>>> print(open('start-v3.tsv').read())   # TSV, C-alpha atoms and all ligand atoms
chain	number	residue	atom	x	y	z
X	409	MET	CA	0.00	0.00	0.00
X	410	VAL	CA	1.32	3.36	-0.98
X	411	ILE	CA	0.89	6.11	1.58
X	412	SER	CA	0.44	9.28	-0.40
X	413	ARG	CA	1.60	12.69	0.64
X	414	THR	CA	-2.02	13.78	0.81
X	415	ASN	CA	-2.83	11.13	3.36
X	416	ILE	CA	0.12	12.07	5.52
X	417	ILE	CA	-0.85	15.73	5.49
X	418	PHE	CA	-4.44	14.80	6.21
X	419	ILE	CA	-3.51	12.65	9.21
X	420	ALA	CA	-1.00	15.17	10.51
X	421	THR	CA	-3.63	17.89	10.35
X	422	LEU	CA	-6.11	15.78	12.27
X	423	VAL	CA	-3.56	14.92	14.94
X	424	ALA	CA	-2.54	18.55	15.31
X	425	LEU	CA	-6.13	19.71	15.59
X	426	ALA	CA	-7.03	16.96	18.02
X	427	THR	CA	-4.09	17.91	20.25
X	428	LEU	CA	-5.05	21.55	20.09
X	429	ILE	CA	-8.63	20.83	21.05
X	430	SER	CA	-7.90	18.43	23.89
X	431	ALA	CA	-5.40	20.73	25.63
X	432	THR	CA	-6.93	22.96	28.28
X	433	GLU	CA	-5.60	26.31	29.32
X	434	TYR	CA	-6.04	27.15	33.00
X	435	THR	CA	-5.73	30.72	34.18
X	436	VAL	CA	-4.40	30.31	37.71
X	437	GLY	CA	-6.84	31.97	40.11
X	438	ASP	CA	-9.17	32.66	37.18
X	439	GLU	CA	-10.01	36.38	37.06
X	440	ASN	CA	-8.09	37.00	40.28
X	441	GLY	CA	-4.89	35.87	38.65
X	442	TRP	CA	-1.67	35.18	40.53
X	443	THR	CA	-2.05	37.39	43.57
X	444	LEU	CA	-1.80	37.81	47.34
X	445	ASP	CA	-4.06	35.97	49.76
X	446	PHE	CA	-5.89	33.87	47.21
X	447	ASP	CA	-6.84	30.32	48.12
X	448	TYR	CA	-5.12	28.32	45.37
X	449	GLN	CA	-5.73	25.06	47.26
X	450	THR	CA	-9.44	25.54	46.79
X	451	TRP	CA	-8.99	26.73	43.21
X	452	VAL	CA	-7.27	23.44	42.33
X	453	GLN	CA	-10.04	21.32	43.81
X	454	GLY	CA	-12.17	19.53	41.23
X	455	LYS	CA	-9.76	20.30	38.40
X	456	HIS	CA	-7.96	17.62	36.44
X	457	PHE	CA	-4.71	18.58	34.82
X	458	PHE	CA	-3.35	16.50	31.96
X	459	VAL	CA	-0.08	16.45	30.06
X	460	GLY	CA	-0.34	19.09	27.32
X	461	ASP	CA	-2.53	21.41	29.36
X	462	LYS	CA	-1.31	24.90	30.10
X	463	LEU	CA	-1.14	27.04	33.22
X	464	VAL	CA	-1.34	30.79	32.75
X	465	PHE	CA	-0.08	33.02	35.56
X	466	ASN	CA	-1.42	36.57	35.23
X	467	TYR	CA	-0.10	39.38	37.44
X	468	PRO	CA	1.30	42.90	37.13
X	469	SER	CA	4.85	42.41	35.89
X	470	GLY	CA	7.36	43.20	38.62
X	471	LYS	CA	4.95	42.64	41.51
X	472	HIS	CA	5.24	38.88	41.52
X	473	ASN	CA	6.99	36.07	39.73
X	474	VAL	CA	6.61	32.33	39.24
X	475	LEU	CA	9.11	29.74	40.37
X	476	ARG	CA	8.84	26.04	39.72
X	477	VAL	CA	10.17	24.31	42.83
X	478	ASN	CA	10.26	20.87	44.41
X	479	GLY	CA	8.06	19.64	47.25
X	480	THR	CA	10.45	20.59	50.03
X	481	SER	CA	10.98	24.10	48.70
X	482	PHE	CA	7.25	24.41	48.35
X	483	GLN	CA	6.59	23.44	51.98
X	484	GLN	CA	9.23	25.80	53.32
X	485	CYS	CA	9.03	28.51	50.65
X	486	ILE	CA	12.71	28.19	49.85
X	487	MET	CA	14.09	29.61	46.64
X	488	SER	CA	17.34	28.16	45.47
X	489	SER	CA	19.50	29.88	42.86
X	490	SER	CA	18.74	27.07	40.42
X	491	ASN	CA	15.09	28.09	40.30
X	492	GLU	CA	14.52	30.16	37.22
X	493	ALA	CA	11.84	32.76	37.75
X	494	LEU	CA	9.20	33.61	35.20
X	495	THR	CA	8.57	37.32	35.31
X	496	SER	CA	6.57	38.43	32.27
X	497	GLY	CA	3.25	38.83	34.09
X	498	ASN	CA	1.62	36.55	31.55
X	499	ASP	CA	3.57	33.37	32.07
X	500	VAL	CA	2.37	30.29	30.26
X	501	ILE	CA	3.59	26.94	31.48
X	502	THR	CA	2.85	23.84	29.42
X	503	LEU	CA	2.54	20.74	31.55
X	504	LEU	CA	4.92	18.36	29.84
X	505	SER	CA	5.08	15.44	32.24
X	506	PRO	CA	2.80	13.72	34.72
X	507	GLY	CA	3.25	14.02	38.49
X	508	ARG	CA	3.21	16.69	41.13
X	509	LYS	CA	4.21	20.24	40.18
X	510	TRP	CA	4.88	22.99	42.66
X	511	TYR	CA	4.90	26.73	41.94
X	512	ILE	CA	5.57	29.61	44.28
X	513	CYS	CA	6.03	33.36	44.11
X	514	GLY	CA	9.60	34.34	44.90
X	515	VAL	CA	8.91	37.97	45.75
X	516	GLY	CA	9.24	39.03	49.41
X	517	LYS	CA	7.37	36.70	51.73
X	518	HIS	CA	4.46	36.21	49.35
X	519	CYS	CA	4.84	32.44	49.55
X	520	GLU	CA	5.30	32.22	53.32
X	521	LEU	CA	2.77	34.78	54.46
X	522	ARG	CA	0.43	35.54	51.58
X	523	ASN	CA	-0.32	32.06	50.24
X	524	MET	CA	1.20	32.54	46.79
X	525	LYS	CA	1.82	28.86	46.30
X	526	LEU	CA	0.24	26.34	43.98
X	527	VAL	CA	0.55	22.58	43.87
X	528	ILE	CA	-1.09	20.50	41.18
X	529	ASN	CA	-1.07	16.89	40.10
X	530	VAL	CA	-0.66	16.29	36.39
X	531	GLU	CA	-2.27	13.15	35.01
X	532	SER	CA	-0.75	11.34	32.08
X	533	MET	CA	-3.69	10.87	29.76
X	534	SER	CA	-6.90	12.60	28.90
X	535	PRO	CA	-9.89	10.44	29.62
X	536	ALA	CA	-11.42	8.93	26.51
X	537	PRO	CA	-14.29	11.11	25.31
X	538	SER	CA	-17.30	9.30	26.65
X	539	PRO	CA	-20.52	9.24	24.66
X	540	SER	CA	-22.88	11.83	26.03
X	541	THR	CA	-24.41	9.93	28.93
X	542	SER	CA	-25.17	13.20	30.66
X	543	SER	CA	-28.06	14.24	28.49
X	544	GLY	CA	-28.86	17.91	28.51
X	545	SER	CA	-25.35	18.89	29.54
X	546	SER	CA	-24.01	21.68	27.39
X	547	ASN	CA	-20.52	20.17	27.71
X	548	SER	CA	-21.38	17.35	25.35
X	549	VAL	CA	-22.25	19.71	22.51
X	550	ILE	CA	-18.83	21.32	22.18
X	551	PRO	CA	-16.76	18.20	21.34
X	552	LYS	CA	-19.28	17.24	18.68
X	553	THR	CA	-19.02	20.65	17.05
X	554	TYR	CA	-15.24	20.46	17.08
X	555	GLY	CA	-15.34	16.94	15.72
X	556	PHE	CA	-17.39	18.13	12.81
X	557	LEU	CA	-15.04	21.04	12.27
X	558	VAL	CA	-12.02	18.74	12.23
X	559	ALA	CA	-13.69	16.42	9.74
X	560	PHE	CA	-14.67	19.37	7.59
X	561	ILE	CA	-11.22	20.98	7.52
X	562	GLY	CA	-9.69	17.57	6.98
X	563	SER	CA	-11.78	16.77	3.93
X	564	LEU	CA	-11.29	20.27	2.59
X	565	LEU	CA	-7.53	19.78	2.77
X	566	MET	CA	-7.83	16.45	0.98
X	567	PHE	CA	-9.37	18.21	-1.99
X	568	LEU	CA	-6.99	21.13	-1.99
X	569	VAL	CA	-3.68	19.29	-1.76
X	601	CU	CU	4.10	37.51	44.86
>>> encode(input="start-v3.tsv", output="structure tokens", more="lines below")
Ligand SMILES: [Cu+2]
Amino acid sequence: MVISRTNIIFIATLVALATLISATEYTVGDENGWTLDFDYQTWVQGKHFFVGDKLVFNYPSGKHNVLRVNGTSFQQCIMSSSNEALTSGNDVITLLSPGRKWYICGVGKHCELRNMKLVINVESMSPAPSPSTSSGSSNSVIPKTYGFLVAFIGSLLMFLV
């Protein structure tokens, strides 16, 4: 069987689109952003983070920063020189591997005294899209729309290439 260039492009497009759609972007603290005295422990509750998802830290540049640390540093709010700080004020972190991830603010005593610390658990795989058992839920509509879109763009490309 000969795999044509068209087929490869078609499949690659589908894979790229599927990846794009399945990745979720989480704005840490939602509209509050990355700030003082916010309860990030509660914010994390009920959320499921998967490899490929993104964390967005929003804050006024210069007021805070974002450090990825290990569990011990997280508990004690220790910043070692090896920790590279993100400082743009719109820092996007893509979750590349499963497991626990710890983030703190390295400015002043924001971690120790003002609760600027976030711990999440990244899961390795997205759950398989389940057929809409929850009837009436608006969530089930979106994947179907995207699925149609992917199929449409895919077939369009097949004709064009
Ligand atoms: Cu801070």
>>> closest_atom_pairs(input="start-v3.tsv", of="chain X", to="ligand CU 601 (chain X)", cutoff="12 Å", atoms="all atoms listed in the file", output="Markdown table")
| residue | atom | partner | partner_atom | distance |
| --- | --- | --- | --- | --- |
| X:Gly441 | CA | X:CU601 | CU | 11.0 |
| X:Trp442 | CA | X:CU601 | CU | 7.6 |
| X:Thr443 | CA | X:CU601 | CU | 6.3 |
| X:Leu444 | CA | X:CU601 | CU | 6.4 |
| X:Asp445 | CA | X:CU601 | CU | 9.6 |
| X:Phe446 | CA | X:CU601 | CU | 10.9 |
| X:Phe465 | CA | X:CU601 | CU | 11.1 |
| X:Asn466 | CA | X:CU601 | CU | 11.1 |
| X:Tyr467 | CA | X:CU601 | CU | 8.7 |
| X:Pro468 | CA | X:CU601 | CU | 9.8 |
| X:Ser469 | CA | X:CU601 | CU | 10.2 |
| X:Gly470 | CA | X:CU601 | CU | 9.1 |
| X:Lys471 | CA | X:CU601 | CU | 6.2 |
| X:His472 | CA | X:CU601 | CU | 3.8 |
| X:Asn473 | CA | X:CU601 | CU | 6.1 |
| X:Val474 | CA | X:CU601 | CU | 8.0 |
| X:Leu475 | CA | X:CU601 | CU | 10.3 |
| X:Cys485 | CA | X:CU601 | CU | 11.8 |
| X:Ala493 | CA | X:CU601 | CU | 11.5 |
| X:Leu494 | CA | X:CU601 | CU | 11.6 |
| X:Thr495 | CA | X:CU601 | CU | 10.5 |
| X:Gly497 | CA | X:CU601 | CU | 10.9 |
| X:Tyr511 | CA | X:CU601 | CU | 11.2 |
| X:Ile512 | CA | X:CU601 | CU | 8.1 |
| X:Cys513 | CA | X:CU601 | CU | 4.6 |
| X:Gly514 | CA | X:CU601 | CU | 6.3 |
| X:Val515 | CA | X:CU601 | CU | 4.9 |
| X:Gly516 | CA | X:CU601 | CU | 7.0 |
| X:Lys517 | CA | X:CU601 | CU | 7.7 |
| X:His518 | CA | X:CU601 | CU | 4.7 |
| X:Cys519 | CA | X:CU601 | CU | 6.9 |
| X:Glu520 | CA | X:CU601 | CU | 10.0 |
| X:Leu521 | CA | X:CU601 | CU | 10.1 |
| X:Arg522 | CA | X:CU601 | CU | 7.9 |
| X:Asn523 | CA | X:CU601 | CU | 8.8 |
| X:Met524 | CA | X:CU601 | CU | 6.1 |
| X:Lys525 | CA | X:CU601 | CU | 9.1 |
| X:Leu526 | CA | X:CU601 | CU | 11.9 |
>>> write_last_selection(input="start-v3.tsv", atoms="C-alpha atoms", output="compact mmCIF listing (two decimals), in the coordinates of the input")
# COMPACT_ATOMS: atom_id res chain seq x y z
CA GLY X 441 -4.89 35.87 38.65
CA TRP X 442 -1.67 35.18 40.53
CA THR X 443 -2.05 37.39 43.57
CA LEU X 444 -1.80 37.81 47.34
CA ASP X 445 -4.06 35.97 49.76
CA PHE X 446 -5.89 33.87 47.21
CA PHE X 465 -0.08 33.02 35.56
CA ASN X 466 -1.42 36.57 35.23
CA TYR X 467 -0.10 39.38 37.44
CA PRO X 468 1.30 42.90 37.13
CA SER X 469 4.85 42.41 35.89
CA GLY X 470 7.36 43.20 38.62
CA LYS X 471 4.95 42.64 41.51
CA HIS X 472 5.24 38.88 41.52
CA ASN X 473 6.99 36.07 39.73
CA VAL X 474 6.61 32.33 39.24
CA LEU X 475 9.11 29.74 40.37
CA CYS X 485 9.03 28.51 50.65
CA ALA X 493 11.84 32.76 37.75
CA LEU X 494 9.20 33.61 35.20
CA THR X 495 8.57 37.32 35.31
CA GLY X 497 3.25 38.83 34.09
CA TYR X 511 4.90 26.73 41.94
CA ILE X 512 5.57 29.61 44.28
CA CYS X 513 6.03 33.36 44.11
CA GLY X 514 9.60 34.34 44.90
CA VAL X 515 8.91 37.97 45.75
CA GLY X 516 9.24 39.03 49.41
CA LYS X 517 7.37 36.70 51.73
CA HIS X 518 4.46 36.21 49.35
CA CYS X 519 4.84 32.44 49.55
CA GLU X 520 5.30 32.22 53.32
CA LEU X 521 2.77 34.78 54.46
CA ARG X 522 0.43 35.54 51.58
CA ASN X 523 -0.32 32.06 50.24
CA MET X 524 1.20 32.54 46.79
CA LYS X 525 1.82 28.86 46.30
CA LEU X 526 0.24 26.34 43.98
>>> atom_distance(input="start-v3.tsv", atom1="CA of Ser505 in chain X", atom2="CA of Tyr434 in chain X")
16.2 Å
>>> residues_around(input="start-v3.tsv", residues="Ile501 in chain X", least_positions_apart="2", cutoff="10 Å", atoms="all atoms listed in the file", output="PyMOL selection string")
chain X and resi 433-434+460-465+474+476+494+498-499+503-504
>>> atom_distance(input="start-v3.tsv", atom1="CA of Trp451 in chain X", atom2="CA of Asn529 in chain X")
13.0 Å
>>> atom_distance(input="start-v3.tsv", atom1="CA of Phe457 in chain X", atom2="CA of Gly437 in chain X")
14.6 Å
>>> axis_aligned_box(input="start-v3.tsv", around="range 447-459 of chain X", padding_each_side="8 Å", output="lines of an AutoDock Vina configuration file")
center_x = -6.1
center_y = 23.4
center_z = 39.1
size_x = 28.1
size_y = 29.9
size_z = 34.1
>>> closest_residue(input="start-v3.tsv", among="X:Gly507, X:His456, X:Val527, X:Ser430", to="Gln483 in chain X", atoms="all atoms listed in the file")
X:Val527
>>> closest_residue(input="start-v3.tsv", among="X:Phe458, X:Asn491, X:Met533, X:Ile486", to="Arg508 in chain X", atoms="only C-alpha atoms")
X:Phe458
>>> closest_residue(input="start-v3.tsv", among="X:Thr450, X:Ser481, X:Asn415, X:Ser489", to="Val436 in chain X", atoms="only C-alpha atoms")
X:Thr450
>>> decode(input="start-v3.tsv", residues="range 510-521 of chain X", atoms="N, CA and C atoms", output="mmCIF file, in the first residue's frame")
data_model
loop_
_atom_site.group_PDB
_atom_site.id
_atom_site.type_symbol
_atom_site.label_atom_id
_atom_site.label_comp_id
_atom_site.auth_asym_id
_atom_site.auth_seq_id
_atom_site.Cartn_x
_atom_site.Cartn_y
_atom_site.Cartn_z
ATOM 1 N N TRP X 510 5.012 21.971 41.625
ATOM 2 C CA TRP X 510 4.883 22.991 42.658
ATOM 3 C C TRP X 510 5.323 24.342 42.104
ATOM 4 N N TYR X 511 4.550 25.378 42.394
ATOM 5 C CA TYR X 511 4.901 26.726 41.945
ATOM 6 C C TYR X 511 4.733 27.690 43.108
ATOM 7 N N ILE X 512 5.679 28.595 43.236
ATOM 8 C CA ILE X 512 5.568 29.615 44.281
ATOM 9 C C ILE X 512 5.944 30.982 43.711
ATOM 10 N N CYS X 513 5.564 32.021 44.441
ATOM 11 C CA CYS X 513 6.029 33.362 44.107
ATOM 12 C C CYS X 513 7.288 33.609 44.911
ATOM 13 N N GLY X 514 8.308 34.130 44.247
ATOM 14 C CA GLY X 514 9.602 34.339 44.899
ATOM 15 C C GLY X 514 9.802 35.756 45.398
ATOM 16 N N VAL X 515 8.765 36.582 45.319
ATOM 17 C CA VAL X 515 8.907 37.974 45.747
ATOM 18 C C VAL X 515 8.584 38.078 47.238
ATOM 19 N N GLY X 516 9.453 38.774 47.978
ATOM 20 C CA GLY X 516 9.243 39.027 49.407
ATOM 21 C C GLY X 516 8.869 37.768 50.155
ATOM 22 N N LYS X 517 7.865 37.869 51.015
ATOM 23 C CA LYS X 517 7.374 36.700 51.731
ATOM 24 C C LYS X 517 5.987 36.312 51.219
ATOM 25 N N HIS X 518 5.773 36.515 49.933
ATOM 26 C CA HIS X 518 4.456 36.210 49.345
ATOM 27 C C HIS X 518 4.092 34.734 49.486
ATOM 28 N N CYS X 519 5.106 33.872 49.410
ATOM 29 C CA CYS X 519 4.842 32.439 49.548
ATOM 30 C C CYS X 519 4.554 32.088 51.003
ATOM 31 N N GLU X 520 5.424 32.559 51.894
ATOM 32 C CA GLU X 520 5.303 32.217 53.317
ATOM 33 C C GLU X 520 4.048 32.787 53.960
ATOM 34 N N LEU X 521 3.795 34.081 53.694
ATOM 35 C CA LEU X 521 2.766 34.778 54.463
ATOM 36 C C LEU X 521 1.495 35.082 53.681
#
